[in-house]
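For reference, my_file21.cif is printed below; it contains mmCIF, C-alpha atoms and all ligand atoms.
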data_entry
#
loop_
_atom_site.group_PDB
_atom_site.id
_atom_site.type_symbol
_atom_site.label_atom_id
_atom_site.label_comp_id
_atom_site.auth_asym_id
_atom_site.auth_seq_id
_atom_site.Cartn_x
_atom_site.Cartn_y
_atom_site.Cartn_z
ATOM 1 C CA MET X 100 -36.768 -34.958 -33.328
ATOM 2 C CA THR X 101 -38.612 -31.945 -32.004
ATOM 3 C CA ASN X 102 -35.735 -31.428 -29.623
ATOM 4 C CA LYS X 103 -33.437 -29.833 -32.184
ATOM 5 C CA TYR X 104 -36.117 -27.365 -33.190
ATOM 6 C CA SER X 105 -36.834 -26.216 -29.659
ATOM 7 C CA ILE X 106 -33.137 -25.596 -28.971
ATOM 8 C CA ARG X 107 -32.961 -23.297 -31.962
ATOM 9 C CA LYS X 108 -36.013 -21.437 -30.711
ATOM 10 C CA ASP X 109 -34.351 -20.911 -27.331
ATOM 11 C CA ALA X 110 -31.229 -19.557 -28.985
ATOM 12 C CA THR X 111 -33.298 -17.066 -30.955
ATOM 13 C CA SER X 112 -35.139 -15.762 -27.932
ATOM 14 C CA LEU X 113 -31.840 -15.506 -26.039
ATOM 15 C CA LEU X 114 -30.418 -13.385 -28.845
ATOM 16 C CA CYS X 115 -33.499 -11.201 -28.722
ATOM 17 C CA SER X 116 -33.119 -10.567 -25.004
ATOM 18 C CA VAL X 117 -29.443 -9.703 -25.433
ATOM 19 C CA PHE X 118 -30.375 -7.081 -27.994
ATOM 20 C CA LEU X 119 -33.090 -5.739 -25.723
ATOM 21 C CA LEU X 120 -30.651 -5.425 -22.837
ATOM 22 C CA CYS X 121 -28.128 -3.587 -24.987
ATOM 23 C CA GLY X 122 -30.859 -1.254 -26.209
ATOM 24 C CA CYS X 123 -31.676 -0.332 -22.635
ATOM 25 C CA ALA X 124 -28.093 0.321 -21.585
ATOM 26 C CA SER X 125 -27.298 2.614 -24.501
ATOM 27 C CA GLY X 126 -30.594 4.528 -24.369
ATOM 28 C CA PRO X 127 -30.615 8.328 -24.482
ATOM 29 C CA GLU X 128 -31.623 8.612 -20.839
ATOM 30 C CA LYS X 129 -28.513 7.981 -18.818
ATOM 31 C CA ALA X 130 -30.306 8.873 -15.629
ATOM 32 C CA MET X 131 -27.913 7.492 -13.066
ATOM 33 C CA HIS X 132 -29.245 9.134 -9.966
ATOM 34 C CA LYS X 133 -27.092 8.969 -6.887
ATOM 35 C CA SER X 134 -27.959 8.519 -3.265
ATOM 36 C CA TYR X 135 -26.532 10.564 -0.427
ATOM 37 C CA ASN X 136 -26.697 10.145 3.325
ATOM 38 C CA VAL X 137 -26.921 12.878 5.929
ATOM 39 C CA ASP X 138 -26.321 11.819 9.516
ATOM 40 C CA ILE X 139 -28.177 13.625 12.266
ATOM 41 C CA LYS X 140 -25.987 13.464 15.322
ATOM 42 C CA GLN X 141 -24.953 15.686 18.226
ATOM 43 C CA MET X 142 -27.759 18.086 17.270
ATOM 44 C CA GLN X 143 -26.302 18.646 13.797
ATOM 45 C CA PHE X 144 -26.897 17.651 10.192
ATOM 46 C CA GLN X 145 -23.685 16.092 8.911
ATOM 47 C CA PRO X 146 -22.856 17.261 6.325
ATOM 48 C CA ALA X 147 -24.914 20.415 6.829
ATOM 49 C CA GLU X 148 -24.403 21.440 3.194
ATOM 50 C CA LEU X 149 -24.673 18.987 0.355
ATOM 51 C CA THR X 150 -24.532 19.553 -3.399
ATOM 52 C CA VAL X 151 -26.438 17.048 -5.511
ATOM 53 C CA GLN X 152 -27.878 16.645 -8.997
ATOM 54 C CA LYS X 153 -31.588 17.034 -9.617
ATOM 55 C CA GLY X 154 -33.312 13.694 -9.024
ATOM 56 C CA ASP X 155 -30.743 12.414 -6.539
ATOM 57 C CA THR X 156 -31.999 10.916 -3.300
ATOM 58 C CA VAL X 157 -30.913 12.158 0.109
ATOM 59 C CA THR X 158 -31.526 9.992 3.172
ATOM 60 C CA TRP X 159 -31.315 11.413 6.672
ATOM 61 C CA THR X 160 -30.712 9.093 9.614
ATOM 62 C CA ASN X 161 -31.112 10.176 13.206
ATOM 63 C CA HIS X 162 -28.354 8.861 15.471
ATOM 64 C CA ASP X 163 -29.259 10.997 18.507
ATOM 65 C CA ILE X 164 -31.332 9.692 21.408
ATOM 66 C CA VAL X 165 -33.716 12.633 20.974
ATOM 67 C CA ALA X 166 -36.125 12.933 18.051
ATOM 68 C CA HIS X 167 -35.339 15.264 15.152
ATOM 69 C CA ASP X 168 -37.103 16.098 11.944
ATOM 70 C CA VAL X 169 -36.162 17.383 8.505
ATOM 71 C CA THR X 170 -38.405 20.280 7.472
ATOM 72 C CA GLU X 171 -38.275 22.667 4.535
ATOM 73 C CA GLU X 172 -37.456 25.998 6.153
ATOM 74 C CA LYS X 173 -39.131 28.741 4.145
ATOM 75 C CA SER X 174 -42.709 27.509 3.848
ATOM 76 C CA LYS X 175 -42.559 24.114 5.605
ATOM 77 C CA ARG X 176 -43.939 22.509 2.452
ATOM 78 C CA TRP X 177 -42.462 19.164 3.385
ATOM 79 C CA THR X 178 -41.325 17.493 6.569
ATOM 80 C CA SER X 179 -40.100 14.092 7.610
ATOM 81 C CA GLY X 180 -42.099 14.191 10.807
ATOM 82 C CA PRO X 181 -40.310 13.253 14.023
ATOM 83 C CA LEU X 182 -37.535 10.707 13.509
ATOM 84 C CA ALA X 183 -36.682 8.578 16.535
ATOM 85 C CA GLN X 184 -33.177 7.239 17.070
ATOM 86 C CA GLY X 185 -32.208 4.930 14.220
ATOM 87 C CA GLU X 186 -35.006 6.091 11.926
ATOM 88 C CA SER X 187 -34.390 7.312 8.392
ATOM 89 C CA TRP X 188 -36.249 9.463 5.896
ATOM 90 C CA SER X 189 -35.563 10.017 2.205
ATOM 91 C CA LEU X 190 -36.252 12.815 -0.247
ATOM 92 C CA ILE X 191 -35.786 13.001 -3.998
ATOM 93 C CA VAL X 192 -34.218 16.425 -4.490
ATOM 94 C CA LYS X 193 -35.747 18.631 -7.186
ATOM 95 C CA GLU X 194 -34.414 22.073 -6.258
ATOM 96 C CA SER X 195 -32.021 23.847 -3.940
ATOM 97 C CA VAL X 196 -33.533 24.154 -0.521
ATOM 98 C CA ASP X 197 -32.812 25.256 3.019
ATOM 99 C CA TYR X 198 -34.111 22.931 5.701
ATOM 100 C CA TYR X 199 -34.037 22.738 9.466
ATOM 101 C CA CYS X 200 -35.194 20.688 12.428
ATOM 102 C CA SER X 201 -38.497 22.174 13.586
ATOM 103 C CA ILE X 202 -37.964 20.614 17.030
ATOM 104 C CA HIS X 203 -34.576 22.326 17.480
ATOM 105 C CA VAL X 204 -34.682 25.351 15.224
ATOM 106 C CA VAL X 205 -30.949 26.006 15.485
ATOM 107 C CA MET X 206 -30.285 22.853 13.489
ATOM 108 C CA LYS X 207 -30.028 23.909 9.879
ATOM 109 C CA GLY X 208 -28.958 22.355 6.625
ATOM 110 C CA ARG X 209 -28.928 23.088 2.937
ATOM 111 C CA LEU X 210 -29.224 21.109 -0.268
ATOM 112 C CA GLY X 211 -27.795 22.690 -3.377
ATOM 113 C CA VAL X 212 -28.872 21.398 -6.780
ATOM 114 C CA GLN X 213 -26.308 21.838 -9.522
HETATM 115 CU CU CU X 301 -33.670 18.318 16.190
#
Encoded form (C-alpha cells):
Amino acid sequence: MTNKYSIRKDATSLLCSVFLLCGCASGPEKAMHKSYNVDIKQMQFQPAELTVQKGDTVTWTNHDIVAHDVTEEKSKRWTSGPLAQGESWSLIVKESVDYYCSIHVVMKGRLGVQ
C-alpha cells in the first residue's frame, strides 16, 4: 500500500537529478581544459615548444637516467625540483613562459598560451 507511493517519490527524485545534470552540462562555463604531456628524454624537452589554452595542464615526465627539473627561466618563480627517472610533475598554465632545466641549462622549452 505504501509501496506505490514510494515508487512515485523515487521517480520524482530521478527526474530532478536528470534536470540537474542537464543544467550542469549546458552551463555558461564550458571550461574543458586539456592535458598535455612533455617527455624529457635524451637531454631534451619533447616537444620543446607547446601551445596551450590558459588553464590547461602540462605534465612533464623524465625518461632519462639522470635527474632533470622544470624551472621557470626568467625569475625561477617556480620549479619542479629534481625529477628522477620515471617521475612526473604537472603545472596548470596561466601565461606564456620560457622554462629550462636548471641542472642542464642548455635544455630549454617554451609554453605559449593562446
Ligand atoms: Cu636536465
Two-atom distance - CA of Ala147 (chain X), CA of Asp163 (chain X) (Å):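 CA of Asp163 (chain X) lies 15.6 Å from CA of Ala147 (chain X).
Proximity to ligand CU 301 (chain X) was assessed for X:Glu186, X:Glu194, X:Asp155, X:Asp168 counting only C-alpha atoms and all ligand atoms; the smallest distance is recorded for X:Asp168.
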Spatial sel., origin (-28.8, 14.8, -6.7), limit 12 Å, only C-alpha atoms, listed as a list of chain:residue names: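 Selection result: X:Ala130, X:Met131, X:His132, X:Lys133, X:Ser134, X:Tyr135, X:Asn136, X:Leu149, X:Thr150, X:Val151, X:Gln152, X:Lys153, X:Gly154, X:Asp155, X:Thr156, X:Val157, X:Thr158, X:Leu190, X:Ile191, X:Val192, X:Lys193, X:Glu194, X:Ser195, X:Leu210, X:Gly211, X:Val212, X:Gln213.
Here the PyMOL selection byres (((not hetatm)) within 10 of (chain X and resi 301)) captures the residues Ile139, Lys140, Gln141, Met142, Gln143, Phe144, Asn161, Asp163, Val165, Ala166, His167, Asp168, Val169, Pro181, Leu182, Tyr199, Cys200, Ser201, Ile202, His203, Val204, Val205, Met206 and Lys207 of chain X.
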Hits from the PyMOL selection byres (((chain X and resi 188) around 6) and not hetatm), listed as number ranges by chain: X: 158-159, 187, 189
For CA of Glu148 (chain X) and CA of Glu171 (chain X), the interatomic separation in Å (one decimal): 14.0 Å
Point-to-point distance in Å for CA of Tyr198 (chain X) and CA of Glu172 (chain X): 4.6 Å
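Close contacts of Ile164 (chain X), defined as residues with an atom at most 8 Å away when counting only C-alpha atoms, with chain neighbours fewer than 2 positions off set aside, comprise His162, Ala166, Ala183 and Gln184 of chain X.
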Selection near Pro146 (chain X), 8 Å with all atoms listed in the file, sequence-local residues under 4 positions removed, as a PyMOL selection string: chain X and resi 137-138+208
